[in-house]
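**Q** Please find protein.txt (compact mmCIF, N, CA and C atoms and all ligand atoms) on the next line:
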```txt
# COMPACT_ATOMS: atom_id res chain seq x y z
N MET A 1 -86.34 -0.97 39.32
CA MET A 1 -85.17 -0.09 39.13
C MET A 1 -84.94 0.16 37.63
N ALA A 2 -84.58 1.37 37.27
CA ALA A 2 -84.35 1.69 35.84
C ALA A 2 -83.17 0.88 35.31
N ASP A 3 -83.29 0.45 34.05
CA ASP A 3 -82.23 -0.32 33.41
C ASP A 3 -81.33 0.66 32.65
N ASN A 4 -80.25 1.07 33.30
CA ASN A 4 -79.36 2.06 32.69
C ASN A 4 -78.07 1.43 32.18
N ASN A 5 -78.08 0.14 31.90
CA ASN A 5 -76.87 -0.53 31.40
C ASN A 5 -76.31 0.22 30.20
N SER A 6 -75.01 0.41 30.20
CA SER A 6 -74.37 1.09 29.06
C SER A 6 -72.93 0.61 28.97
N ASP A 7 -72.39 0.62 27.74
CA ASP A 7 -71.01 0.22 27.53
C ASP A 7 -70.33 1.33 26.72
N PRO A 8 -69.35 1.99 27.28
CA PRO A 8 -68.74 3.15 26.61
C PRO A 8 -68.09 2.81 25.26
N ASP A 9 -67.78 1.54 25.04
CA ASP A 9 -67.14 1.15 23.78
C ASP A 9 -68.14 0.66 22.74
N CYS A 10 -69.43 0.70 23.07
CA CYS A 10 -70.44 0.13 22.17
C CYS A 10 -71.00 1.21 21.24
N ILE A 11 -70.98 0.91 19.94
CA ILE A 11 -71.43 1.88 18.93
C ILE A 11 -72.92 2.20 19.09
N PHE A 12 -73.73 1.21 19.46
CA PHE A 12 -75.17 1.48 19.62
C PHE A 12 -75.43 2.27 20.91
N CYS A 13 -74.64 2.06 21.96
CA CYS A 13 -74.78 2.90 23.16
C CYS A 13 -74.44 4.35 22.81
N LYS A 14 -73.50 4.54 21.88
CA LYS A 14 -73.15 5.91 21.44
C LYS A 14 -74.33 6.54 20.69
N ILE A 15 -75.07 5.74 19.92
CA ILE A 15 -76.27 6.26 19.25
C ILE A 15 -77.33 6.62 20.30
N VAL A 16 -77.50 5.75 21.29
CA VAL A 16 -78.47 6.02 22.38
C VAL A 16 -78.11 7.33 23.08
N ALA A 17 -76.82 7.55 23.30
CA ALA A 17 -76.36 8.75 24.02
C ALA A 17 -76.33 9.99 23.12
N GLY A 18 -76.59 9.81 21.82
CA GLY A 18 -76.55 10.95 20.90
C GLY A 18 -75.13 11.36 20.55
N GLU A 19 -74.17 10.48 20.82
CA GLU A 19 -72.76 10.82 20.54
C GLU A 19 -72.39 10.60 19.09
N ILE A 20 -73.10 9.70 18.41
CA ILE A 20 -72.92 9.57 16.96
C ILE A 20 -74.30 9.64 16.31
N PRO A 21 -74.37 10.18 15.09
CA PRO A 21 -75.68 10.39 14.47
C PRO A 21 -76.30 9.09 13.95
N ALA A 22 -77.61 9.10 13.87
CA ALA A 22 -78.34 7.99 13.25
C ALA A 22 -79.63 8.56 12.68
N ALA A 23 -80.13 7.92 11.62
CA ALA A 23 -81.42 8.33 11.03
C ALA A 23 -82.52 7.65 11.84
N ILE A 24 -82.99 8.34 12.86
CA ILE A 24 -83.95 7.75 13.81
C ILE A 24 -85.37 7.78 13.22
N ILE A 25 -86.05 6.66 13.36
CA ILE A 25 -87.45 6.56 12.88
C ILE A 25 -88.40 6.87 14.03
N PHE A 26 -88.20 6.21 15.16
CA PHE A 26 -88.96 6.58 16.36
C PHE A 26 -88.20 6.14 17.59
N GLU A 27 -88.55 6.74 18.71
CA GLU A 27 -87.93 6.33 19.97
C GLU A 27 -88.96 6.39 21.09
N THR A 28 -88.75 5.53 22.08
CA THR A 28 -89.59 5.53 23.28
C THR A 28 -88.63 5.54 24.48
N ASP A 29 -89.19 5.43 25.68
CA ASP A 29 -88.33 5.40 26.88
C ASP A 29 -87.42 4.18 26.86
N GLU A 30 -87.86 3.09 26.18
CA GLU A 30 -87.10 1.84 26.25
C GLU A 30 -86.32 1.49 24.99
N VAL A 31 -86.79 1.94 23.82
CA VAL A 31 -86.19 1.48 22.56
C VAL A 31 -85.96 2.63 21.59
N ILE A 32 -85.10 2.37 20.60
CA ILE A 32 -84.91 3.31 19.49
C ILE A 32 -84.93 2.48 18.19
N ALA A 33 -85.63 3.01 17.18
CA ALA A 33 -85.62 2.41 15.84
C ALA A 33 -84.93 3.38 14.90
N PHE A 34 -83.94 2.88 14.17
CA PHE A 34 -83.18 3.75 13.27
C PHE A 34 -82.72 2.96 12.06
N MET A 35 -82.29 3.70 11.02
CA MET A 35 -81.87 3.05 9.78
C MET A 35 -80.50 2.41 9.96
N ASP A 36 -80.34 1.22 9.39
CA ASP A 36 -79.02 0.57 9.34
C ASP A 36 -78.13 1.36 8.38
N ALA A 37 -76.93 1.70 8.83
CA ALA A 37 -76.03 2.54 8.02
C ALA A 37 -75.42 1.78 6.84
N PHE A 38 -75.45 0.45 6.90
CA PHE A 38 -74.90 -0.39 5.82
C PHE A 38 -76.01 -1.36 5.40
N PRO A 39 -77.07 -0.82 4.79
CA PRO A 39 -78.28 -1.62 4.60
C PRO A 39 -78.13 -2.78 3.62
N SER A 40 -78.83 -3.86 3.90
CA SER A 40 -78.83 -4.99 2.98
C SER A 40 -79.96 -4.85 1.96
N SER A 41 -80.87 -3.89 2.17
CA SER A 41 -81.83 -3.51 1.14
C SER A 41 -82.43 -2.17 1.53
N LYS A 42 -83.16 -1.53 0.62
CA LYS A 42 -83.80 -0.25 0.93
C LYS A 42 -84.71 -0.42 2.14
N GLY A 43 -84.59 0.48 3.11
CA GLY A 43 -85.48 0.44 4.27
C GLY A 43 -84.99 -0.40 5.44
N HIS A 44 -83.82 -1.03 5.28
CA HIS A 44 -83.26 -1.88 6.36
C HIS A 44 -83.09 -1.04 7.63
N ALA A 45 -83.81 -1.43 8.67
CA ALA A 45 -83.79 -0.67 9.92
C ALA A 45 -83.53 -1.59 11.11
N LEU A 46 -83.19 -0.98 12.23
CA LEU A 46 -82.85 -1.73 13.44
C LEU A 46 -83.69 -1.24 14.61
N VAL A 47 -84.03 -2.15 15.50
CA VAL A 47 -84.66 -1.78 16.78
C VAL A 47 -83.71 -2.21 17.88
N ILE A 48 -83.37 -1.28 18.76
CA ILE A 48 -82.49 -1.62 19.88
C ILE A 48 -83.12 -1.16 21.19
N PRO A 49 -82.81 -1.87 22.28
CA PRO A 49 -83.17 -1.33 23.58
C PRO A 49 -82.19 -0.21 23.92
N ARG A 50 -82.64 0.80 24.66
CA ARG A 50 -81.69 1.84 25.10
C ARG A 50 -80.61 1.24 26.00
N ALA A 51 -81.03 0.26 26.81
CA ALA A 51 -80.09 -0.37 27.75
C ALA A 51 -79.20 -1.36 27.01
N HIS A 52 -77.95 -1.40 27.39
CA HIS A 52 -76.98 -2.31 26.75
C HIS A 52 -77.12 -3.73 27.31
N HIS A 53 -77.53 -4.64 26.43
CA HIS A 53 -77.51 -6.09 26.73
C HIS A 53 -76.99 -6.73 25.46
N PRO A 54 -75.96 -7.57 25.54
CA PRO A 54 -75.28 -8.04 24.33
C PRO A 54 -76.14 -8.85 23.37
N ASP A 55 -76.99 -9.73 23.88
CA ASP A 55 -77.67 -10.67 22.98
C ASP A 55 -78.93 -11.23 23.64
N VAL A 56 -79.59 -12.13 22.93
CA VAL A 56 -80.87 -12.66 23.41
C VAL A 56 -80.71 -13.39 24.75
N PHE A 57 -79.52 -13.95 24.96
CA PHE A 57 -79.30 -14.71 26.19
C PHE A 57 -79.31 -13.80 27.42
N GLU A 58 -78.89 -12.56 27.20
CA GLU A 58 -78.73 -11.61 28.32
C GLU A 58 -79.94 -10.68 28.48
N MET A 59 -80.85 -10.69 27.50
CA MET A 59 -81.94 -9.72 27.55
C MET A 59 -82.96 -10.03 28.64
N PRO A 60 -83.34 -9.02 29.44
CA PRO A 60 -84.47 -9.23 30.35
C PRO A 60 -85.72 -9.56 29.51
N PRO A 61 -86.47 -10.60 29.86
CA PRO A 61 -87.62 -11.00 29.04
C PRO A 61 -88.62 -9.88 28.79
N SER A 62 -88.84 -9.03 29.76
CA SER A 62 -89.82 -7.96 29.56
C SER A 62 -89.33 -6.98 28.50
N LEU A 63 -88.02 -6.74 28.45
CA LEU A 63 -87.46 -5.82 27.45
C LEU A 63 -87.47 -6.47 26.05
N LEU A 64 -87.30 -7.79 26.05
CA LEU A 64 -87.38 -8.55 24.79
C LEU A 64 -88.78 -8.38 24.18
N ALA A 65 -89.78 -8.45 25.03
CA ALA A 65 -91.17 -8.30 24.56
C ALA A 65 -91.39 -6.89 24.03
N ILE A 66 -90.84 -5.91 24.70
CA ILE A 66 -90.99 -4.51 24.25
C ILE A 66 -90.31 -4.33 22.89
N CYS A 67 -89.14 -4.94 22.71
CA CYS A 67 -88.43 -4.86 21.42
C CYS A 67 -89.23 -5.54 20.31
N ALA A 68 -89.85 -6.68 20.63
CA ALA A 68 -90.64 -7.39 19.62
C ALA A 68 -91.82 -6.53 19.18
N GLN A 69 -92.47 -5.88 20.14
CA GLN A 69 -93.61 -5.02 19.80
C GLN A 69 -93.16 -3.83 18.97
N ALA A 70 -91.99 -3.27 19.30
CA ALA A 70 -91.46 -2.14 18.52
C ALA A 70 -91.11 -2.60 17.11
N SER A 71 -90.57 -3.80 16.97
CA SER A 71 -90.24 -4.33 15.64
C SER A 71 -91.49 -4.51 14.81
N GLN A 72 -92.56 -4.98 15.45
CA GLN A 72 -93.82 -5.14 14.70
C GLN A 72 -94.35 -3.78 14.24
N ARG A 73 -94.27 -2.78 15.12
CA ARG A 73 -94.74 -1.43 14.76
C ARG A 73 -93.93 -0.88 13.59
N LEU A 74 -92.62 -1.11 13.66
CA LEU A 74 -91.73 -0.66 12.58
C LEU A 74 -92.03 -1.42 11.28
N ALA A 75 -92.21 -2.74 11.39
CA ALA A 75 -92.46 -3.56 10.20
C ALA A 75 -93.76 -3.13 9.52
N LEU A 76 -94.78 -2.85 10.31
CA LEU A 76 -96.06 -2.41 9.73
C LEU A 76 -95.90 -1.08 8.99
N ALA A 77 -95.18 -0.15 9.61
CA ALA A 77 -94.98 1.17 8.97
C ALA A 77 -94.11 1.05 7.73
N SER A 78 -93.09 0.21 7.81
CA SER A 78 -92.18 0.01 6.68
C SER A 78 -92.92 -0.61 5.50
N ARG A 79 -93.80 -1.58 5.81
CA ARG A 79 -94.59 -2.22 4.75
C ARG A 79 -95.52 -1.21 4.09
N LYS A 80 -96.14 -0.37 4.93
CA LYS A 80 -97.07 0.64 4.40
C LYS A 80 -96.33 1.66 3.54
N ALA A 81 -95.15 2.08 4.00
CA ALA A 81 -94.41 3.15 3.31
C ALA A 81 -93.72 2.64 2.04
N LEU A 82 -93.12 1.46 2.12
CA LEU A 82 -92.23 1.02 1.03
C LEU A 82 -92.84 -0.09 0.17
N GLN A 83 -93.92 -0.69 0.65
CA GLN A 83 -94.64 -1.73 -0.10
C GLN A 83 -93.73 -2.84 -0.66
N PRO A 84 -92.94 -3.45 0.20
CA PRO A 84 -92.10 -4.57 -0.25
C PRO A 84 -92.97 -5.82 -0.45
N ASP A 85 -92.36 -6.86 -1.04
CA ASP A 85 -93.06 -8.13 -1.22
C ASP A 85 -93.01 -8.97 0.06
N GLY A 86 -92.02 -8.71 0.89
CA GLY A 86 -91.86 -9.45 2.15
C GLY A 86 -91.01 -8.65 3.11
N MET A 87 -90.85 -9.18 4.31
CA MET A 87 -90.10 -8.45 5.35
C MET A 87 -89.42 -9.47 6.24
N THR A 88 -88.11 -9.33 6.45
CA THR A 88 -87.48 -10.20 7.45
C THR A 88 -87.39 -9.43 8.76
N VAL A 89 -87.68 -10.12 9.85
CA VAL A 89 -87.50 -9.57 11.20
C VAL A 89 -86.62 -10.59 11.91
N THR A 90 -85.38 -10.19 12.16
CA THR A 90 -84.44 -11.21 12.62
C THR A 90 -83.35 -10.60 13.50
N GLN A 91 -82.62 -11.48 14.19
CA GLN A 91 -81.48 -11.01 14.97
C GLN A 91 -80.48 -12.14 15.14
N PHE A 92 -79.23 -11.76 15.39
CA PHE A 92 -78.13 -12.72 15.44
C PHE A 92 -77.47 -12.70 16.82
N ASN A 93 -77.00 -13.83 17.27
CA ASN A 93 -76.38 -13.93 18.59
C ASN A 93 -75.04 -14.63 18.50
N GLY A 94 -73.97 -13.87 18.73
CA GLY A 94 -72.62 -14.43 18.67
C GLY A 94 -72.02 -14.27 17.29
N ALA A 95 -70.69 -14.09 17.26
CA ALA A 95 -69.99 -13.87 15.99
C ALA A 95 -70.24 -15.02 15.02
N ALA A 96 -70.31 -16.24 15.53
CA ALA A 96 -70.50 -17.40 14.65
C ALA A 96 -71.86 -17.36 13.97
N ALA A 97 -72.81 -16.62 14.56
CA ALA A 97 -74.15 -16.51 13.98
C ALA A 97 -74.28 -15.25 13.12
N GLY A 98 -73.18 -14.49 13.00
CA GLY A 98 -73.21 -13.30 12.14
C GLY A 98 -73.37 -11.99 12.91
N GLN A 99 -73.37 -12.05 14.26
CA GLN A 99 -73.50 -10.80 15.02
C GLN A 99 -72.18 -10.02 14.97
N THR A 100 -72.29 -8.73 14.68
CA THR A 100 -71.08 -7.88 14.62
C THR A 100 -71.14 -6.75 15.65
N VAL A 101 -72.34 -6.37 16.07
CA VAL A 101 -72.48 -5.34 17.12
C VAL A 101 -73.13 -6.03 18.32
N PHE A 102 -72.41 -6.00 19.44
CA PHE A 102 -72.82 -6.83 20.58
C PHE A 102 -73.68 -6.02 21.56
N HIS A 103 -74.69 -5.40 20.99
CA HIS A 103 -75.78 -4.72 21.72
C HIS A 103 -77.03 -5.25 21.04
N TYR A 104 -77.89 -5.93 21.80
CA TYR A 104 -79.04 -6.60 21.20
C TYR A 104 -79.76 -5.71 20.18
N HIS A 105 -80.09 -6.27 19.03
CA HIS A 105 -80.86 -5.51 18.04
C HIS A 105 -81.62 -6.46 17.14
N GLN A 106 -82.75 -5.98 16.65
CA GLN A 106 -83.53 -6.72 15.66
C GLN A 106 -83.45 -5.98 14.34
N HIS A 107 -83.17 -6.73 13.27
CA HIS A 107 -83.19 -6.19 11.91
C HIS A 107 -84.61 -6.29 11.37
N VAL A 108 -85.10 -5.20 10.81
CA VAL A 108 -86.41 -5.20 10.13
C VAL A 108 -86.11 -4.78 8.69
N THR A 109 -86.18 -5.76 7.79
CA THR A 109 -85.63 -5.56 6.45
C THR A 109 -86.65 -5.88 5.36
N PRO A 110 -87.10 -4.85 4.63
CA PRO A 110 -88.01 -5.11 3.51
C PRO A 110 -87.30 -5.91 2.42
N ARG A 111 -88.07 -6.79 1.76
CA ARG A 111 -87.51 -7.61 0.66
C ARG A 111 -88.43 -7.54 -0.55
N TRP A 112 -87.81 -7.49 -1.73
CA TRP A 112 -88.55 -7.46 -2.98
C TRP A 112 -88.23 -8.71 -3.79
N GLU A 113 -89.25 -9.26 -4.44
CA GLU A 113 -89.05 -10.42 -5.31
C GLU A 113 -87.97 -10.12 -6.33
N GLY A 114 -87.07 -11.06 -6.53
CA GLY A 114 -86.07 -10.92 -7.58
C GLY A 114 -84.89 -10.03 -7.21
N GLN A 115 -84.96 -9.40 -6.05
CA GLN A 115 -83.85 -8.52 -5.64
C GLN A 115 -82.74 -9.38 -5.03
N PRO A 116 -81.53 -9.29 -5.57
CA PRO A 116 -80.46 -10.09 -4.96
C PRO A 116 -80.21 -9.64 -3.53
N ARG A 117 -79.95 -10.59 -2.64
CA ARG A 117 -79.72 -10.25 -1.24
C ARG A 117 -78.29 -9.80 -1.03
N ARG A 118 -78.14 -8.57 -0.58
CA ARG A 118 -76.81 -8.13 -0.14
C ARG A 118 -76.64 -8.57 1.31
N SER A 119 -75.40 -8.83 1.71
CA SER A 119 -75.16 -9.07 3.13
C SER A 119 -75.30 -7.75 3.85
N HIS A 120 -75.79 -7.81 5.10
CA HIS A 120 -75.85 -6.56 5.86
C HIS A 120 -74.43 -6.16 6.26
N GLY A 121 -74.25 -4.87 6.50
CA GLY A 121 -72.97 -4.38 7.00
C GLY A 121 -71.89 -4.22 5.95
N GLU A 122 -72.24 -4.20 4.64
CA GLU A 122 -71.19 -4.13 3.62
C GLU A 122 -71.04 -2.77 2.95
N HIS A 123 -72.16 -2.19 2.48
CA HIS A 123 -72.10 -0.93 1.72
C HIS A 123 -72.70 0.19 2.54
N MET A 124 -71.92 1.24 2.76
CA MET A 124 -72.44 2.36 3.55
C MET A 124 -73.41 3.18 2.71
N ALA A 125 -74.57 3.48 3.30
CA ALA A 125 -75.58 4.26 2.56
C ALA A 125 -75.33 5.75 2.74
N ASP A 126 -75.90 6.56 1.84
CA ASP A 126 -75.84 8.01 1.93
C ASP A 126 -76.71 8.46 3.13
N PRO A 127 -76.13 9.14 4.13
CA PRO A 127 -76.90 9.51 5.32
C PRO A 127 -78.15 10.33 5.00
N GLU A 128 -78.08 11.17 3.97
CA GLU A 128 -79.26 11.99 3.61
C GLU A 128 -80.38 11.10 3.07
N GLU A 129 -79.99 10.09 2.28
CA GLU A 129 -80.98 9.15 1.75
C GLU A 129 -81.63 8.36 2.90
N LEU A 130 -80.81 7.98 3.88
CA LEU A 130 -81.35 7.24 5.03
C LEU A 130 -82.34 8.10 5.80
N LYS A 131 -82.01 9.39 5.95
CA LYS A 131 -82.94 10.30 6.67
C LYS A 131 -84.26 10.40 5.92
N ALA A 132 -84.19 10.44 4.59
CA ALA A 132 -85.41 10.55 3.79
C ALA A 132 -86.27 9.29 3.93
N ILE A 133 -85.63 8.12 3.92
CA ILE A 133 -86.40 6.87 4.08
C ILE A 133 -86.97 6.78 5.49
N ALA A 134 -86.17 7.21 6.48
CA ALA A 134 -86.66 7.21 7.87
C ALA A 134 -87.91 8.08 7.98
N ALA A 135 -87.91 9.21 7.30
CA ALA A 135 -89.07 10.12 7.36
C ALA A 135 -90.29 9.47 6.70
N GLU A 136 -90.06 8.76 5.59
CA GLU A 136 -91.17 8.05 4.91
C GLU A 136 -91.79 7.01 5.84
N ILE A 137 -90.92 6.24 6.50
CA ILE A 137 -91.43 5.18 7.40
C ILE A 137 -92.13 5.83 8.60
N ARG A 138 -91.53 6.89 9.13
CA ARG A 138 -92.11 7.58 10.30
C ARG A 138 -93.53 8.07 9.99
N ALA A 139 -93.69 8.58 8.78
CA ALA A 139 -95.00 9.12 8.38
C ALA A 139 -96.07 8.02 8.31
N ALA A 140 -95.63 6.77 8.19
CA ALA A 140 -96.58 5.65 8.07
C ALA A 140 -96.82 4.95 9.42
N LEU A 141 -96.22 5.45 10.50
CA LEU A 141 -96.38 4.81 11.81
C LEU A 141 -97.80 4.97 12.33
N ASP A 142 -98.30 3.92 12.98
CA ASP A 142 -99.59 4.06 13.67
C ASP A 142 -99.33 4.47 15.10
P1 LIG A 201 -75.33 -7.65 13.34
O1 LIG A 201 -74.45 -8.27 12.32
O2 LIG A 201 -74.61 -7.43 14.63
O3 LIG A 201 -76.63 -8.37 13.50
O4 LIG A 201 -75.77 -6.25 12.75
C1 LIG A 201 -75.19 -5.03 13.07
C2 LIG A 201 -75.76 -4.03 12.11
O5 LIG A 201 -75.41 -2.74 12.54
C3 LIG A 201 -75.23 -4.19 10.67
O6 LIG A 201 -76.31 -4.40 9.79
C4 LIG A 201 -74.52 -2.87 10.42
O7 LIG A 201 -74.71 -2.44 9.10
C5 LIG A 201 -75.15 -1.94 11.43
N1 LIG A 201 -74.26 -0.89 11.87
C6 LIG A 201 -72.97 -1.01 12.24
N2 LIG A 201 -72.47 0.17 12.65
C7 LIG A 201 -73.49 1.06 12.53
C8 LIG A 201 -73.59 2.45 12.81
O8 LIG A 201 -72.65 3.11 13.24
N3 LIG A 201 -74.79 3.04 12.57
C9 LIG A 201 -75.87 2.33 12.09
N4 LIG A 201 -76.99 3.03 11.89
N5 LIG A 201 -75.79 1.02 11.82
C10 LIG A 201 -74.63 0.39 12.05
ZN ZN A 202 -74.52 -0.94 23.80
```
Would you mind writing the structure in this file as structure tokens?

**A**
Amino acid sequence: MADNNSDPDCIFCKIVAGEIPAAIIFETDEVIAFMDAFPSSKGHALVIPRAHHPDVFEMPPSLLAICAQASQRLALASRKALQPDGMTVTQFNGAAAGQTVFHYHQHVTPRWEGQPRRSHGEHMADPEELKAIAAEIRAALD
């Protein structure tokens, strides 16, 4: 049966539904990869399932695997496009762990040596700049 879980109050479900804009890098039937609007570094992107599941505890294992594969695809393209020194691929579960949007997502974040780490979710990026970075990463996708 198709997984059509959705939550009308969830900001990421609104991105899935096209109700709010996002700088999308790629999408499939199951997942969407897009730029984080409050990036902790250049190229900070997110992978989400289209279906609403709050966290790792609630995720169907098969969808978790699909998200992991999408994160790897995104990380490879991001590394090729932006040539960072490293890349974090991570996710948070529960407010105490730093989760602020309760729709499962993986952060794929390029890191450069010597660059101070900003916290995610603090400074809003210029949407046009995000679209340009999304296009750079998209062009590097295999
Ligand atoms: P969490 O803390 O839940 O792991 O991360 C949520 C992430 O979603 C944060 O990095 C935050 O910047 C990002 N975010 C929150 N609202 C929006 C939004 O409306 N659009 C986009 N593209 N990212 C968002
Ligand atoms: Zn949602």

**Q** Around all of ligand LIG 201 (chain A)'s listed atoms, make the axis-aligned box with 5 Å on each side and tell me centre and edge lengths in Å to one decimal, as AutoDock Vina command-line options.

**A**
```
--center_x -74.7 --center_y -2.6 --center_z 11.9 --size_x 14.5 --size_y 21.5 --size_z 15.5
```

**Q** Which residues are near region 82-88 of chain A? Cut-off 6 Å, only C-alpha atoms, ignore same chain within fewer than 2 positions. Put them as a PyMOL selection string.

**A** chain A and resi 78-80+108-112

**Q** At a cut-off of 7 Å, can you tabulate as a tab-separated table every residue of region 15-115 of chain A near region 134-139 of chain A together with its closest atom pair and the distance in Å to one decimal, using all atoms listed in the file and ordering rows by chain then number?

**A**
```
residue	atom	partner	partner_atom	distance
A:Ala23	C	A:Ala134	CA	5.8
A:Ile24	C	A:Ala134	CA	5.5
A:Ile25	CA	A:Ala134	CA	5.1
A:Phe26	N	A:Arg138	CA	6.4
A:Met35	N	A:Ala134	CA	6.4
A:Ala77	C	A:Ile137	CA	4.9
A:Ser78	N	A:Ile137	CA	5.3
A:Ala81	CA	A:Glu136	C	5.3
A:Leu82	N	A:Ile137	CA	6.7
```

**Q** Counting only C-alpha atoms and all ligand atoms, what are the residues, protein, DNA or RNA alike, that approach ligand LIG 201 (chain A) to within 7 Å? I want them as a short mmCIF file (atom, residue, chain, number, x, y, z; two decimals) with N, CA and C atoms, in the coordinates of the input.

**A**
```cif
data_model
loop_
_atom_site.label_atom_id
_atom_site.label_comp_id
_atom_site.auth_asym_id
_atom_site.auth_seq_id
_atom_site.Cartn_x
_atom_site.Cartn_y
_atom_site.Cartn_z
N ILE A 11 -70.98 0.91 19.94
CA ILE A 11 -71.43 1.88 18.93
C ILE A 11 -72.92 2.20 19.09
N ALA A 22 -77.61 9.10 13.87
CA ALA A 22 -78.34 7.99 13.25
C ALA A 22 -79.63 8.56 12.68
N ALA A 23 -80.13 7.92 11.62
CA ALA A 23 -81.42 8.33 11.03
C ALA A 23 -82.52 7.65 11.84
N PHE A 34 -83.94 2.88 14.17
CA PHE A 34 -83.18 3.75 13.27
C PHE A 34 -82.72 2.96 12.06
N MET A 35 -82.29 3.70 11.02
CA MET A 35 -81.87 3.05 9.78
C MET A 35 -80.50 2.41 9.96
N ASP A 36 -80.34 1.22 9.39
CA ASP A 36 -79.02 0.57 9.34
C ASP A 36 -78.13 1.36 8.38
N ALA A 37 -76.93 1.70 8.83
CA ALA A 37 -76.03 2.54 8.02
C ALA A 37 -75.42 1.78 6.84
N PHE A 38 -75.45 0.45 6.90
CA PHE A 38 -74.90 -0.39 5.82
C PHE A 38 -76.01 -1.36 5.40
N PRO A 39 -77.07 -0.82 4.79
CA PRO A 39 -78.28 -1.62 4.60
C PRO A 39 -78.13 -2.78 3.62
N GLN A 91 -82.62 -11.48 14.19
CA GLN A 91 -81.48 -11.01 14.97
C GLN A 91 -80.48 -12.14 15.14
N PHE A 92 -79.23 -11.76 15.39
CA PHE A 92 -78.13 -12.72 15.44
C PHE A 92 -77.47 -12.70 16.82
N GLY A 98 -73.18 -14.49 13.00
CA GLY A 98 -73.21 -13.30 12.14
C GLY A 98 -73.37 -11.99 12.91
N GLN A 99 -73.37 -12.05 14.26
CA GLN A 99 -73.50 -10.80 15.02
C GLN A 99 -72.18 -10.02 14.97
N THR A 100 -72.29 -8.73 14.68
CA THR A 100 -71.08 -7.88 14.62
C THR A 100 -71.14 -6.75 15.65
N VAL A 101 -72.34 -6.37 16.07
CA VAL A 101 -72.48 -5.34 17.12
C VAL A 101 -73.13 -6.03 18.32
N PHE A 102 -72.41 -6.00 19.44
CA PHE A 102 -72.82 -6.83 20.58
C PHE A 102 -73.68 -6.02 21.56
N HIS A 105 -80.09 -6.27 19.03
CA HIS A 105 -80.86 -5.51 18.04
C HIS A 105 -81.62 -6.46 17.14
N HIS A 120 -75.79 -7.81 5.10
CA HIS A 120 -75.85 -6.56 5.86
C HIS A 120 -74.43 -6.16 6.26
N GLY A 121 -74.25 -4.87 6.50
CA GLY A 121 -72.97 -4.38 7.00
C GLY A 121 -71.89 -4.22 5.95
N GLU A 122 -72.24 -4.20 4.64
CA GLU A 122 -71.19 -4.13 3.62
C GLU A 122 -71.04 -2.77 2.95
#
```

**Q** List every residue of region 28-124 of chain A that DSSP, applied to the backbone, labels as strand (DSSP E), and write the result as a PyMOL selection string.

**A** chain A and resi 31-35+45-49+86-90+106-111

**Q** How would you report the residues lying within 10 Å of ligand ZN 202 (chain A), as a PyMOL selection string, if you count only C-alpha atoms and all ligand atoms?

**A** chain A and resi 5-17+48-54+101-105

**Q** Looking only at the backbone, which of the residues in region 7-88 of chain A does DSSP tag as helix (DSSP H, G or I), as a list in words?

**A**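 Residues meeting the helix (DSSP H, G or I) criterion: Ile11, Phe12, Cys13, Lys14, Ile15, Val16, Pro61, Ser62, Leu63, Leu64, Ala65, Ile66, Cys67, Ala68, Gln69, Ala70, Ser71, Gln72, Arg73, Leu74, Ala75, Leu76, Ala77, Ser78, Arg79, Lys80, Ala81 and Leu82 of chain A.
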
**Q** Counting only C-alpha atoms, which residue out of A:Ala125, A:Leu130, A:Ala33, A:Ala96 sits closest to Arg73 (chain A)?

**A**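 Using only C-alpha atoms, the shortest distance to Arg73 (chain A) belongs to A:Ala33.
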